[in-house]
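K.L.:
One structure is given below, represented as structure tokens, and several questions about it will come after.
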2 protein chains.
Amino acid sequence: MFRILILLFLSYSAAAQTDSIFIRKVYNSALTNGRAHEDLRSLCKDVGARISGSAEAEMAVYWGQNKMKEYGFDKVYLQEITVPHWERGTTEAGWIKTSRGQLMKVHLLALGGSIGTEGLMEADIIEFKTLDALKKANPIDVKGKIAFINQAMDEQQINTFRAYGGCYSIRGVGAVEASKLGAKAVIIRSLGLPIDEHPHTGSMHYADSVTRIPAAALSTHDSDKLSLLLRTEKAKFVLEMDCRSFPDAVSYNVVGELTGTANPDEIITFGGHLDSWDTGEGAHDDGAGIVHTLEAMRILKSLNYKPKHTLRLVFFMNEENGNQGGETYASIVKEKGEKQIAALESDRGGFAPRGFHCDGPEEFVTMLQSFASNFTEYDLHVFEKGYGGVDISPLKDYYPEIPLFGFVPDSQRYFDFHHAPSDVFENVNKRELELGAAAIASFLYLLDRKL
Amino acid sequence: MFRILILLFLSYSAAAQTDSIFIRKVYNSALTNGRAHEDLRSLCKDVGARISGSAEAEMAVYWGQNKMKEYGFDKVYLQEITVPHWERGTTEAGWIKTSRGQLMKVHLLALGGSIGTEGLMEADIIEFKTLDALKKANPIDVKGKIAFINQAMDEQQINTFRAYGGCYSIRGVGAVEASKLGAKAVIIRSLGLPIDEHPHTGSMHYADSVTRIPAAALSTHDSDKLSLLLRTEKAKFVLEMDCRSFPDAVSYNVVGELTGTANPDEIITFGGHLDSWDTGEGAHDDGAGIVHTLEAMRILKSLNYKPKHTLRLVFFMNEENGNQGGETYASIVKEKGEKQIAALESDRGGFAPRGFHCDGPEEFVTMLQSFASNFTEYDLHVFEKGYGGVDISPLKDYYPEIPLFGFVPDSQRYFDFHHAPSDVFENVNKRELELGAAAIASFLYLLDRKL
């Protein structure tokens, strides 16, 4: 009995040591010979911002396929999907017009999916401090005006995603709620934490039963300025946007695989989203997730790791305004009867890693917690129940028994850049990005061995 | 017995709840009505870079005293110290001159304390990959040349301070070692992790027994360029620097206190250093530490917290090139027979908090670990034995029985900016800075209650 215990202990120690040595190699590779930073530079600069349906999104598909081939993955292929096609157009401008006739040009961005203004639109502006205040307003006060929803993200939330979660419906349904009351257009305060001049775009929807009205996001600084002005006088807002929607377009998820050696039919899906908004360069959102996961698979292959299960890297298209990539992927794999066993996503930016979340049955949360000790020396400490990610979330409908993991970097700076012109390559730190790729590669390694 | 246990449990729970409520207030105050970011802007922009002995350092003393008075601390006073006075001068330039006569201007900074070149200095350059390689060199190969120590920080270290620790002697003793072998000057590779064009200055020393030679730091990008060139050809280096030392100057530590209510004679010392290098704005190093600790005391006072012990905030002068502030402070308090009970320092930049280190007897490491649960929801996870800080370290000689705590923010970006022209206000994130101040205020609160 004692001998068996000793043997068990030795075998456990040997496994732990093997893991520890391998993970050290992964980190060394990412930090010394890593490609993540240069790949991100290329995606941001050689391809650019890449909204679904755009020429840049098509180039991003080409870029992704080539990268996967360059890194010699076992299989590389495309998966056709249908995506919405919306364009910002060439005119996008707004002014506050004070009661004394002073003009103040503001920084704004049309929300993705908005209709245009059909020329210059001018109307009185009425402010609401929250979406709820707008919902309760008297239609007489709103009719014919531009509604301004000035609801700020809650800076007291330590995790900034929680602050975003508490606020993002002003963007999603602001146009519908304002239109119900007869507003001509809706302007929202940008969903960003700093007070600055970067407007933050993002998706919004219309309802079939309600007239469609133009919708735009104003920078936080301009929102404060407008709000201050409205305390003492009435003002008009002048808006012109020629954004519009086109017929749906064909696009693709880009898929690359390392074939499993023991269980090739059991698939671990992981990735980020290839599309971005059409402002900035989609560097943190989600260029970082793309190169995190690309680099993770490149490192595993370069270290000659032979996965037990098939590791399938997916660059999802259209996360930002439709999630057609994620939806189509999930329905295809289900239709094919594939055995999906786990999924992981990186879509919270290229910041210093904090850990991983698990959305799934309790046993996998326990498994995740058992990984924590492997990451202590790498400063990861979050190993808990939480959200996976938008792209992989449709898998939950078809495979409720599998775990969906979300990579969790530090959240403090994410909403400085999210959907804004400032989301550019220069705002991603090289080491922080590399550490994210190393954490994900190490995680995939542990996951593949433990499942 | 059971009743006593219940009472004990209730009283424990009540204390934990009190702490939790108070700490939440501290964070809310820092994140919503905080002054840290504006105070840092003021220190960086209204005062500027502030090397010991400079006009700016004098203005920083004035600034610090006024801030403490503005915030209404119980006592505000200066502590006179003597500091070195070194100036960079107005000429500082370097060129690589290839064997084919091509000139390449480089980015360099004289190291603090270096002598000048007395006009244009031109000599053959010889590269050493490490300080050890230089030490082992044959004097014949070095004599009359400029020695170039191209030892890079180890990017595989997860904690960048460890990479710095493994490398910083090239800056401290490079001139002495090169001069021993007859070199005319020494050029070191900047102690920075990114490959870029920012040179990083810092302190160096001479030895009385060895001829003083000029010493400068080359940007990492220029170091790589020079090293690549030297693989295939010989090159000369041209250097002119008119930096020099002046007689020691009078300066001050700035001190502010909240008087203890129960034990006013028992003192918790905490702070950062007011001086900086003369390049950039000393924003992370150590403007962040100054406003972290200033803001921590402002918040405690604004929340009407009555400390048991006296909380003494010290803005130490001259950490960068002499530590006269820290040394003088320790000797003065010892001489006065003061009862120092603990100290804390923030001097690792204004990044997202990770936790605290404790340098001191084991019982205080245990106490530190007991604080961890108070900080879980604030994403702090490092509560372990470690270094306190340079300014408070002399207290250890006089009070070996007390704990010295170091605030530990994320280290990844620190050596992008350390001692470089890029260490400016714009490179400090507002929320990350505020969270640091809140963590320190909460820590001081717990420390004051537990000691």
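In the structure tokens, the first chain shown is A, the next is B, and so on; residue numbers restart at 1 for each chain, and ligands run from 1 in the order shown.
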Counting only C-alpha atoms, which residues from chain A have an atom at most 12 Å from any atom of chain B, and could you show them as a PyMOL selection string?
P.N.:
chain A and resi 24-34+37+153-160+193-196+351-355+375-382+408-416+427-436+438-439
K.L.:
Among segment 79-143 of chain A, which residues carry a DSSP assignment of alpha helix (DSSP H), reported as a list in words?
P.N.:
Leu131, Asp132, Ala133, Leu134, Lys135, Pro139, Ile140, Asp141 and Val142 of chain A
K.L.:
As a PyMOL selection string, please: all residues of segment 231-425 of chain A that backbone DSSP puts in strand (DSSP E or B).
P.N.:
chain A and resi 235-241+244-258+263-273+309-316+339-345+353-359+382-385+404-409
K.L.:
For the residues in that selection, give me C-alpha atoms as a PDB file, in the first residue's frame.
P.N.:
```pdb
ATOM      1  CA  ALA A 235     -29.956  73.922 -27.532  1.00  0.00           C
ATOM      2  CA  LYS A 236     -30.364  72.394 -30.941  1.00  0.00           C
ATOM      3  CA  PHE A 237     -28.345  69.586 -32.415  1.00  0.00           C
ATOM      4  CA  VAL A 238     -27.348  69.428 -36.065  1.00  0.00           C
ATOM      5  CA  LEU A 239     -26.519  66.036 -37.504  1.00  0.00           C
ATOM      6  CA  GLU A 240     -25.585  64.642 -40.854  1.00  0.00           C
ATOM      7  CA  MET A 241     -24.702  60.997 -41.485  1.00  0.00           C
ATOM      8  CA  ARG A 244     -26.533  52.870 -44.762  1.00  0.00           C
ATOM      9  CA  SER A 245     -27.058  49.154 -45.084  1.00  0.00           C
ATOM     10  CA  PHE A 246     -26.490  47.088 -48.218  1.00  0.00           C
ATOM     11  CA  PRO A 247     -27.688  43.569 -49.057  1.00  0.00           C
ATOM     12  CA  ASP A 248     -26.091  40.798 -47.009  1.00  0.00           C
ATOM     13  CA  ALA A 249     -22.669  39.685 -48.186  1.00  0.00           C
ATOM     14  CA  VAL A 250     -20.779  36.416 -48.325  1.00  0.00           C
ATOM     15  CA  SER A 251     -17.890  36.059 -45.918  1.00  0.00           C
ATOM     16  CA  TYR A 252     -15.995  33.350 -44.059  1.00  0.00           C
ATOM     17  CA  ASN A 253     -14.786  31.939 -40.795  1.00  0.00           C
ATOM     18  CA  VAL A 254     -11.149  30.922 -41.152  1.00  0.00           C
ATOM     19  CA  VAL A 255     -10.320  27.553 -39.609  1.00  0.00           C
ATOM     20  CA  GLY A 256      -7.016  25.834 -38.892  1.00  0.00           C
ATOM     21  CA  GLU A 257      -6.404  22.528 -37.142  1.00  0.00           C
ATOM     22  CA  LEU A 258      -3.743  20.484 -35.426  1.00  0.00           C
ATOM     23  CA  ASN A 263      -8.762  11.206 -30.256  1.00  0.00           C
ATOM     24  CA  PRO A 264      -8.791  13.125 -33.533  1.00  0.00           C
ATOM     25  CA  ASP A 265     -12.608  13.216 -33.598  1.00  0.00           C
ATOM     26  CA  GLU A 266     -12.804  15.057 -30.291  1.00  0.00           C
ATOM     27  CA  ILE A 267     -12.465  18.755 -30.910  1.00  0.00           C
ATOM     28  CA  ILE A 268     -11.352  21.672 -28.777  1.00  0.00           C
ATOM     29  CA  THR A 269     -12.503  24.855 -30.538  1.00  0.00           C
ATOM     30  CA  PHE A 270     -10.779  28.133 -29.730  1.00  0.00           C
ATOM     31  CA  GLY A 271     -10.243  31.548 -31.262  1.00  0.00           C
ATOM     32  CA  GLY A 272     -11.253  35.176 -31.462  1.00  0.00           C
ATOM     33  CA  HIS A 273     -13.085  37.314 -33.988  1.00  0.00           C
ATOM     34  CA  HIS A 309      -7.575  15.878 -29.252  1.00  0.00           C
ATOM     35  CA  THR A 310      -7.920  17.980 -32.358  1.00  0.00           C
ATOM     36  CA  LEU A 311      -7.137  21.619 -31.633  1.00  0.00           C
ATOM     37  CA  ARG A 312      -9.247  23.754 -33.919  1.00  0.00           C
ATOM     38  CA  LEU A 313      -8.465  27.444 -34.207  1.00  0.00           C
ATOM     39  CA  VAL A 314     -11.341  29.520 -35.574  1.00  0.00           C
ATOM     40  CA  PHE A 315     -11.139  33.150 -36.646  1.00  0.00           C
ATOM     41  CA  PHE A 316     -14.828  33.997 -36.373  1.00  0.00           C
ATOM     42  CA  LYS A 339     -17.859  15.742 -30.965  1.00  0.00           C
ATOM     43  CA  GLN A 340     -17.021  19.132 -29.493  1.00  0.00           C
ATOM     44  CA  ILE A 341     -15.475  18.733 -26.040  1.00  0.00           C
ATOM     45  CA  ALA A 342     -14.536  22.295 -25.001  1.00  0.00           C
ATOM     46  CA  ALA A 343     -14.143  25.797 -26.367  1.00  0.00           C
ATOM     47  CA  LEU A 344     -12.123  28.871 -25.478  1.00  0.00           C
ATOM     48  CA  GLU A 345     -12.272  32.475 -26.610  1.00  0.00           C
ATOM     49  CA  PRO A 353      -3.343  38.152 -18.078  1.00  0.00           C
ATOM     50  CA  ARG A 354      -5.336  37.620 -14.890  1.00  0.00           C
ATOM     51  CA  GLY A 355      -6.758  34.142 -15.578  1.00  0.00           C
ATOM     52  CA  PHE A 356      -9.674  32.260 -17.109  1.00  0.00           C
ATOM     53  CA  HIS A 357     -13.417  31.972 -16.664  1.00  0.00           C
ATOM     54  CA  CYS A 358     -15.467  28.828 -17.122  1.00  0.00           C
ATOM     55  CA  ASP A 359     -19.078  28.735 -18.321  1.00  0.00           C
ATOM     56  CA  VAL A 382      -8.522  34.276 -11.642  1.00  0.00           C
ATOM     57  CA  PHE A 383      -9.822  30.716 -12.094  1.00  0.00           C
ATOM     58  CA  GLU A 384     -13.560  30.825 -11.596  1.00  0.00           C
ATOM     59  CA  LYS A 385     -17.041  30.537 -13.023  1.00  0.00           C
ATOM     60  CA  LEU A 404     -16.743  27.286 -22.547  1.00  0.00           C
ATOM     61  CA  PHE A 405     -13.672  29.130 -21.295  1.00  0.00           C
ATOM     62  CA  GLY A 406     -12.972  32.843 -21.511  1.00  0.00           C
ATOM     63  CA  PHE A 407      -9.477  34.301 -21.282  1.00  0.00           C
ATOM     64  CA  VAL A 408      -9.434  37.075 -18.653  1.00  0.00           C
ATOM     65  CA  PRO A 409      -6.857  39.844 -19.016  1.00  0.00           C
TER      66      PRO A 409
END
```
K.L.:
Could you tell me how far atom CA of Thr220 of chain A sits from atom CA of Ala36 of chain B, in Å to one decimal place?
P.N.:
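Taking atom CA of Ala36 of chain B and atom CA of Thr220 of chain A, their separation equals 20.2 Å.
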K.L.:
Quick one: everything within 10 Å of Tyr168 of chain A, counting only C-alpha atoms, minus sequence neighbours fewer than 5 positions away in the same chain. Send it as a ChimeraX atom specification.
P.N.:
/A:151-153,163,173-174,190-191,202-204
K.L.:
Please produce a file of those selected residues containing C-alpha atoms, as a compact mmCIF listing (two decimals), in the first residue's frame.
P.N.:
```txt
# COMPACT_ATOMS: atom_id res chain seq x y z
CA GLN A 151 -25.98 57.52 -19.08
CA ALA A 152 -22.38 57.04 -17.93
CA MET A 153 -20.62 53.77 -17.23
CA ALA A 163 -19.78 48.71 -15.86
CA VAL A 173 -32.23 49.79 -27.80
CA GLY A 174 -31.84 53.58 -27.48
CA SER A 190 -20.18 56.86 -25.65
CA LEU A 191 -19.65 53.65 -23.72
CA GLY A 202 -21.04 49.62 -31.59
CA SER A 203 -24.10 47.67 -32.64
CA MET A 204 -27.71 48.84 -32.25
```
K.L.:
Report as an MDAnalysis selection string all protein, DNA and RNA residues lying within 9 Å of Tyr398 of chain B, evaluated on only C-alpha atoms, omitting residues in the same chain fewer than 5 positions from it.
P.N.:
chainID B and resid 330:331 334
K.L.:
Would you write out those residues with N, CA and C atoms, as a PDB file, in the first residue's frame?
P.N.:
```
ATOM      1  N   ALA B 330      15.754  58.215   8.365  1.00  0.00           N
ATOM      2  CA  ALA B 330      15.934  57.108   9.317  1.00  0.00           C
ATOM      3  C   ALA B 330      16.817  57.537  10.488  1.00  0.00           C
ATOM      4  N   SER B 331      17.900  58.278  10.180  1.00  0.00           N
ATOM      5  CA  SER B 331      18.795  58.639  11.283  1.00  0.00           C
ATOM      6  C   SER B 331      18.149  59.680  12.203  1.00  0.00           C
ATOM      7  N   LYS B 334      15.543  57.925  14.483  1.00  0.00           N
ATOM      8  CA  LYS B 334      16.225  57.111  15.488  1.00  0.00           C
ATOM      9  C   LYS B 334      16.815  57.997  16.579  1.00  0.00           C
TER      10      LYS B 334
END
```
K.L.:
At a cut-off of 10 Å, using only C-alpha atoms, what residues contact Glu38 of chain A? Leave out same-chain residues fewer than 5 positions from it and give the result as number ranges by chain.
P.N.:
A: 43-44, 291, 425, 430
K.L.:
Write out as a ChimeraX atom specification each polymer residue whose atoms come within 7 Å of Pro421 of chain A, counting only C-alpha atoms; drop sequence neighbours fewer than 5 positions from it.
P.N.:
/A:198,279-280
K.L.:
Given only C-alpha atoms as the basis, pick out the residue of A:Gly165, A:Gly113, A:Gly101, A:Gly72 nearest to Glu87 of chain A.
P.N.:
A:Gly113
